[in-house]
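Participant: Dropping the structure in here first, questions after.
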Amino acid sequence: MKDKATLTLMELLIMVLVFSLAAALCLKAFVWSTQKAQENRVTAEAAIFAQSEAERLKGTRQASEGIRYFDEDWQPAEEDGCYTLTTVPYSGELLGGAELLVEDTRGHELFRLTVRWQEDAA
Amino acid sequence: MKQERTENHQLGTLAVLTVFCVFAVCILTVILFGAKAYQSLNEQSEENYQSRTLSLFLSGKLRQAQLQSEVTVTAFGDGDCIGIPEELDGEWYCTWLYCKDGWLMELFGEADFEYEPEEGEKILRADDLEAEVTDGILSVRARTENGAPVSLTFALRGGEA
């Protein structure tokens with residue numbers, strides 16, 4: 001009787017150990033998937049924001065070099081914003097343009113977009 | 001002796017039951033965590049889909065317009081309305097994009113005719129459509145079904161090739 005109880009207990013303990021190993025892997029996958037979904041959401045928002053900014057530059061045809069900061073709702077913010085937009089203008093003979101780079105505060109690139117427009121003939 | 005054996009047997013059973021309960025709690029915890037992660041994944045996917053679809057639909061409609069410079073913004077439905085005129089066989093028609101009762105609506109008809117907001121066709125769930133044209137740049141703001149804001153900017157180009 002005693003041996004049976006001990007054997008059952010040992011079986012249960014081994015079962016818990018194996019389950020713990022599997023659960024650790026599953027939990028790691030769940031955390032990874034949640035983080036990935038968050039990254040995808042931020043990337044999609046960065047893409048929409050960069051496209052809107054590119055349209056604005058195409059409309060005004062004026063690109064000035066600089067870094068602008070935005071909060072989590074993509075509204076202009078001070079230097080402690082969540083995201084940064086770096087504009088690097090391009091000036092050619094017939095084409096104007098700029099390169100837009102959206103990054104987060106850790107410096108990770110979220111979205112990069114090159115915009116070009118035809119300059120008015122002189 | 002018999003009592004001692006009985007006590008040992010009870011302790012053994014208690015230990016087994018305790019380990020089994022711990023095992024059951026661990027299983028439940030992992031399942032609940034997984035369900036929560038899956039739910040969060042689905043919600044973010046849905047939000048991405050709604051924002052992206054709204055953005056692509058509006059940008060597609062505006063970019064295929066023949067005369068982007070003639071795009072107008074008026075009040076219609078539950079907020080602002082974007083009017084995209086076009087000429088077909090000598091007659092002027094217009095495509096109106098507006099929100100009504102939580103839906104983004106599209107109405108295509110003669111430019112001079114006065115329509116009712118209910119006559120449009122439901123496209124997708126959206127609300128609080130706001131638009132303004134400033135110096136040839138159309139700014140559009142709307143909210144998806146989940147309340148997430150979508151903000152777009154379009155440079156309206158002239159239609160002549």
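FYI, nothing fancy with the structure tokens labels: chains A, B, ... in order, residues from 1 per chain, ligands from 1 as they appear.
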Using only C-alpha atoms, find the residues of chain A whose closest atom to chain B is at most 10 Å away, then write them as a PyMOL selection string.

Facilitator: chain A and resi 1-13+15-17+19-20+23-24+26-27+29-38+40-45+47-60+73-74

Participant: Please save C-alpha atoms of the selected residues as a short mmCIF file (atom, residue, chain, number, x, y, z; two decimals), in the first residue's frame.

Facilitator:
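result36.cif, written as the output of this step:
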```
data_model
loop_
_atom_site.label_atom_id
_atom_site.label_comp_id
_atom_site.auth_asym_id
_atom_site.auth_seq_id
_atom_site.Cartn_x
_atom_site.Cartn_y
_atom_site.Cartn_z
CA MET A 1 0.00 0.00 0.00
CA LYS A 2 2.71 2.35 1.02
CA ASP A 3 4.72 1.45 -2.07
CA LYS A 4 1.69 2.12 -4.25
CA ALA A 5 1.16 5.58 -2.76
CA THR A 6 4.83 6.40 -3.13
CA LEU A 7 4.81 5.17 -6.71
CA THR A 8 1.72 7.26 -7.51
CA LEU A 9 3.31 10.29 -5.92
CA MET A 10 6.48 9.83 -7.91
CA GLU A 11 4.48 9.41 -11.12
CA LEU A 12 2.60 12.61 -10.38
CA LEU A 13 5.77 14.50 -9.67
CA MET A 15 4.11 14.30 -14.71
CA VAL A 16 4.21 17.79 -13.17
CA LEU A 17 7.85 18.14 -14.13
CA PHE A 19 4.14 19.46 -17.87
CA SER A 20 6.17 22.34 -16.43
CA ALA A 23 4.12 24.87 -20.16
CA ALA A 24 7.28 26.96 -20.05
CA CYS A 26 3.98 27.41 -24.37
CA LEU A 27 4.11 30.48 -22.16
CA ALA A 29 5.31 31.28 -27.31
CA PHE A 30 2.30 33.15 -25.95
CA VAL A 31 4.43 36.06 -24.78
CA TRP A 32 6.26 36.14 -28.12
CA SER A 33 2.98 36.18 -30.06
CA THR A 34 1.62 39.04 -27.96
CA GLN A 35 4.77 41.07 -28.49
CA LYS A 36 4.70 40.34 -32.23
CA ALA A 37 1.09 41.47 -32.50
CA GLN A 38 1.99 44.69 -30.73
CA ASN A 40 2.71 44.63 -36.12
CA ARG A 41 0.19 47.16 -34.89
CA VAL A 42 2.87 49.79 -34.37
CA THR A 43 4.40 49.06 -37.80
CA ALA A 44 1.01 49.42 -39.51
CA GLU A 45 0.39 52.73 -37.74
CA ALA A 47 3.23 53.03 -42.34
CA ILE A 48 -0.03 55.00 -42.44
CA PHE A 49 1.62 57.93 -40.70
CA ALA A 50 4.63 57.93 -43.06
CA GLN A 51 2.34 57.78 -46.10
CA SER A 52 0.34 60.75 -44.83
CA GLU A 53 3.53 62.71 -44.20
CA ALA A 54 4.75 61.84 -47.71
CA GLU A 55 1.49 63.11 -49.18
CA ARG A 56 1.86 66.33 -47.21
CA LEU A 57 5.38 66.82 -48.54
CA LYS A 58 4.19 66.11 -52.09
CA GLY A 59 1.50 68.73 -51.69
CA THR A 60 3.72 71.42 -50.23
CA ASP A 73 -1.38 58.62 -30.70
CA TRP A 74 0.93 60.01 -33.40
#
```

Participant: Write down as a PyMOL selection string the residues belonging to stretch 29-115 of chain A that are assigned helix (DSSP H, G or I) by DSSP computed on the backbone.

Facilitator: chain A and resi 29-60

Participant: Please save N, CA, C and O atoms of the selected residues as a tab-separated table (two decimals), in the first residue's frame.

Facilitator:
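Below is the file again.tsv, written as the result:
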```tsv
chain	number	residue	atom	x	y	z
A	29	ALA	N	5.94	31.04	-26.01
A	29	ALA	CA	5.31	31.28	-27.31
A	29	ALA	C	4.19	32.30	-27.19
A	29	ALA	O	4.02	33.16	-28.06
A	30	PHE	N	3.40	32.22	-26.13
A	30	PHE	CA	2.30	33.15	-25.95
A	30	PHE	C	2.83	34.58	-25.79
A	30	PHE	O	2.30	35.53	-26.38
A	31	VAL	N	3.86	34.73	-24.99
A	31	VAL	CA	4.43	36.06	-24.78
A	31	VAL	C	5.00	36.60	-26.08
A	31	VAL	O	4.81	37.77	-26.44
A	32	TRP	N	5.68	35.73	-26.83
A	32	TRP	CA	6.26	36.14	-28.12
A	32	TRP	C	5.16	36.58	-29.09
A	32	TRP	O	5.32	37.59	-29.80
A	33	SER	N	4.05	35.84	-29.13
A	33	SER	CA	2.98	36.18	-30.06
A	33	SER	C	2.34	37.52	-29.68
A	33	SER	O	1.99	38.32	-30.55
A	34	THR	N	2.19	37.77	-28.40
A	34	THR	CA	1.62	39.04	-27.96
A	34	THR	C	2.53	40.20	-28.34
A	34	THR	O	2.08	41.23	-28.84
A	35	GLN	N	3.81	40.02	-28.13
A	35	GLN	CA	4.77	41.07	-28.49
A	35	GLN	C	4.77	41.30	-30.00
A	35	GLN	O	4.82	42.44	-30.46
A	36	LYS	N	4.69	40.23	-30.77
A	36	LYS	CA	4.70	40.34	-32.23
A	36	LYS	C	3.46	41.09	-32.72
A	36	LYS	O	3.55	41.91	-33.63
A	37	ALA	N	2.32	40.78	-32.11
A	37	ALA	CA	1.09	41.47	-32.50
A	37	ALA	C	1.21	42.96	-32.21
A	37	ALA	O	0.78	43.80	-33.00
A	38	GLN	N	1.79	43.29	-31.09
A	38	GLN	CA	1.99	44.69	-30.73
A	38	GLN	C	2.92	45.37	-31.74
A	38	GLN	O	2.67	46.49	-32.19
A	39	GLU	N	3.99	44.67	-32.12
A	39	GLU	CA	4.93	45.24	-33.09
A	39	GLU	C	4.24	45.45	-34.44
A	39	GLU	O	4.47	46.46	-35.11
A	40	ASN	N	3.41	44.50	-34.84
A	40	ASN	CA	2.71	44.63	-36.12
A	40	ASN	C	1.77	45.82	-36.11
A	40	ASN	O	1.65	46.55	-37.09
A	41	ARG	N	1.10	46.03	-34.99
A	41	ARG	CA	0.19	47.16	-34.89
A	41	ARG	C	0.95	48.48	-35.02
A	41	ARG	O	0.55	49.38	-35.75
A	42	VAL	N	2.07	48.56	-34.32
A	42	VAL	CA	2.87	49.79	-34.37
A	42	VAL	C	3.43	50.01	-35.77
A	42	VAL	O	3.45	51.13	-36.27
A	43	THR	N	3.86	48.94	-36.44
A	43	THR	CA	4.40	49.06	-37.80
A	43	THR	C	3.32	49.54	-38.77
A	43	THR	O	3.57	50.39	-39.63
A	44	ALA	N	2.11	48.99	-38.64
A	44	ALA	CA	1.01	49.42	-39.51
A	44	ALA	C	0.69	50.89	-39.29
A	44	ALA	O	0.47	51.65	-40.24
A	45	GLU	N	0.66	51.32	-38.03
A	45	GLU	CA	0.39	52.73	-37.74
A	45	GLU	C	1.51	53.61	-38.29
A	45	GLU	O	1.26	54.69	-38.83
A	46	ALA	N	2.75	53.14	-38.16
A	46	ALA	CA	3.89	53.92	-38.68
A	46	ALA	C	3.80	54.05	-40.20
A	46	ALA	O	4.12	55.10	-40.76
A	47	ALA	N	3.36	52.99	-40.89
A	47	ALA	CA	3.23	53.03	-42.34
A	47	ALA	C	2.18	54.05	-42.77
A	47	ALA	O	2.42	54.85	-43.68
A	48	ILE	N	1.03	54.04	-42.11
A	48	ILE	CA	-0.03	55.00	-42.44
A	48	ILE	C	0.45	56.41	-42.17
A	48	ILE	O	0.23	57.34	-42.97
A	49	PHE	N	1.14	56.60	-41.05
A	49	PHE	CA	1.62	57.93	-40.70
A	49	PHE	C	2.65	58.42	-41.70
A	49	PHE	O	2.62	59.57	-42.14
A	50	ALA	N	3.59	57.54	-42.09
A	50	ALA	CA	4.63	57.93	-43.06
A	50	ALA	C	4.01	58.27	-44.41
A	50	ALA	O	4.43	59.22	-45.08
A	51	GLN	N	3.01	57.49	-44.83
A	51	GLN	CA	2.34	57.78	-46.10
A	51	GLN	C	1.65	59.14	-46.06
A	51	GLN	O	1.67	59.89	-47.03
A	52	SER	N	1.00	59.45	-44.96
A	52	SER	CA	0.34	60.75	-44.83
A	52	SER	C	1.37	61.88	-44.87
A	52	SER	O	1.15	62.91	-45.52
A	53	GLU	N	2.47	61.69	-44.21
A	53	GLU	CA	3.53	62.71	-44.20
A	53	GLU	C	4.10	62.88	-45.60
A	53	GLU	O	4.39	64.00	-46.03
A	54	ALA	N	4.25	61.76	-46.33
A	54	ALA	CA	4.75	61.84	-47.71
A	54	ALA	C	3.78	62.61	-48.59
A	54	ALA	O	4.19	63.42	-49.43
A	55	GLU	N	2.49	62.37	-48.41
A	55	GLU	CA	1.49	63.11	-49.18
A	55	GLU	C	1.56	64.60	-48.85
A	55	GLU	O	1.42	65.45	-49.74
A	56	ARG	N	1.76	64.92	-47.60
A	56	ARG	CA	1.86	66.33	-47.21
A	56	ARG	C	3.06	66.99	-47.87
A	56	ARG	O	2.99	68.11	-48.37
A	57	LEU	N	4.18	66.27	-47.91
A	57	LEU	CA	5.38	66.82	-48.54
A	57	LEU	C	5.16	66.98	-50.04
A	57	LEU	O	5.62	67.96	-50.64
A	58	LYS	N	4.47	66.01	-50.66
A	58	LYS	CA	4.19	66.11	-52.09
A	58	LYS	C	3.31	67.31	-52.39
A	58	LYS	O	3.41	67.94	-53.43
A	59	GLY	N	2.39	67.60	-51.48
A	59	GLY	CA	1.50	68.73	-51.69
A	59	GLY	C	2.20	70.06	-51.51
A	59	GLY	O	1.99	70.98	-52.30
A	60	THR	N	3.04	70.15	-50.50
A	60	THR	CA	3.72	71.42	-50.23
A	60	THR	C	5.01	71.56	-51.01
A	60	THR	O	5.48	72.67	-51.26
```

Participant: Atom CA of A:Glu65 to atom CA of B:Ser69: how many Å, to one decimal?

Facilitator: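 These atoms are spaced 28.1 Å apart.
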
Participant: Need the shell around stretch 112-116 of chain B: protein/DNA/RNA residues with any atom at most 9 Å away, counting only C-alpha atoms. Skip same-chain ones fewer than 6 positions apart. Format as a list in words?

Facilitator: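 With the cut-off at 9 Å, the set is Phe76, Gly77, Trp92, Tyr93 and Cys94 of chain B.
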
Participant: Assign secondary structure with DSSP using the backbone only, and return the residues of chain A in strand (DSSP E or B) as a ChimeraX atom specification.

Facilitator: /A:66-70,76,83-91,95-104,109-118

Participant: Take atom CA of B:Leu107 and atom CA of B:Glu119 and report the distance between them in Å, one decimal.

Facilitator: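 For atom CA of B:Leu107 relative to atom CA of B:Glu119, the distance reads 7.0 Å.
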
Participant: Could you pull the residues within 7 Å of A:Cys82, counting only C-alpha atoms, minus those fewer than 3 positions along the same chain, as a VMD selection string?

Facilitator: chain A and resid 70 to 72 104 to 105

Participant: Counting only C-alpha atoms, figure out which residue out of A:Thr84, A:Ser64, A:Gln75, A:Ser91 gets nearest to A:Gln118.

Facilitator: A:Ser91

Participant: So how many Å separate atom CA of A:Ala63 and atom CA of A:Arg116, to one decimal?

Facilitator: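 Here the two named atoms are 10.6 Å from each other.
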
Participant: Tell me, as a list in words, which residues lie within 10 Å of B:Gly147, counting only C-alpha atoms; anything in the same chain fewer than 6 positions away does not count.

Facilitator: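 Within the cut-off, the hits are Glu47, Ala126, Asp127 and Asp128 of chain B.
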
Participant: Using only N, CA and C atoms, please write the residues we just selected to a file, as a CSV table (one decimal), in the first residue's frame.

Facilitator:
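What follows is the written file out-v7.csv:
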```
chain,number,residue,atom,x,y,z
B,47,GLU,N,-8.1,45.3,-35.1
B,47,GLU,CA,-7.9,46.7,-35.1
B,47,GLU,C,-7.0,47.1,-36.3
B,126,ALA,N,-17.4,52.7,-39.5
B,126,ALA,CA,-16.5,53.9,-39.2
B,126,ALA,C,-17.4,55.0,-38.7
B,127,ASP,N,-16.8,56.0,-38.0
B,127,ASP,CA,-17.6,57.1,-37.4
B,127,ASP,C,-16.7,58.3,-37.3
B,128,ASP,N,-17.4,59.4,-37.0
B,128,ASP,CA,-16.7,60.7,-36.8
B,128,ASP,C,-15.7,61.1,-37.9
```

Participant: Excluding same-chain residues fewer than 6 positions from B:Trp96, what lies within 6 Å of it counting only C-alpha atoms, as JSON, numbers by chain?

Facilitator: {"B": [82, 83, 106, 107]}
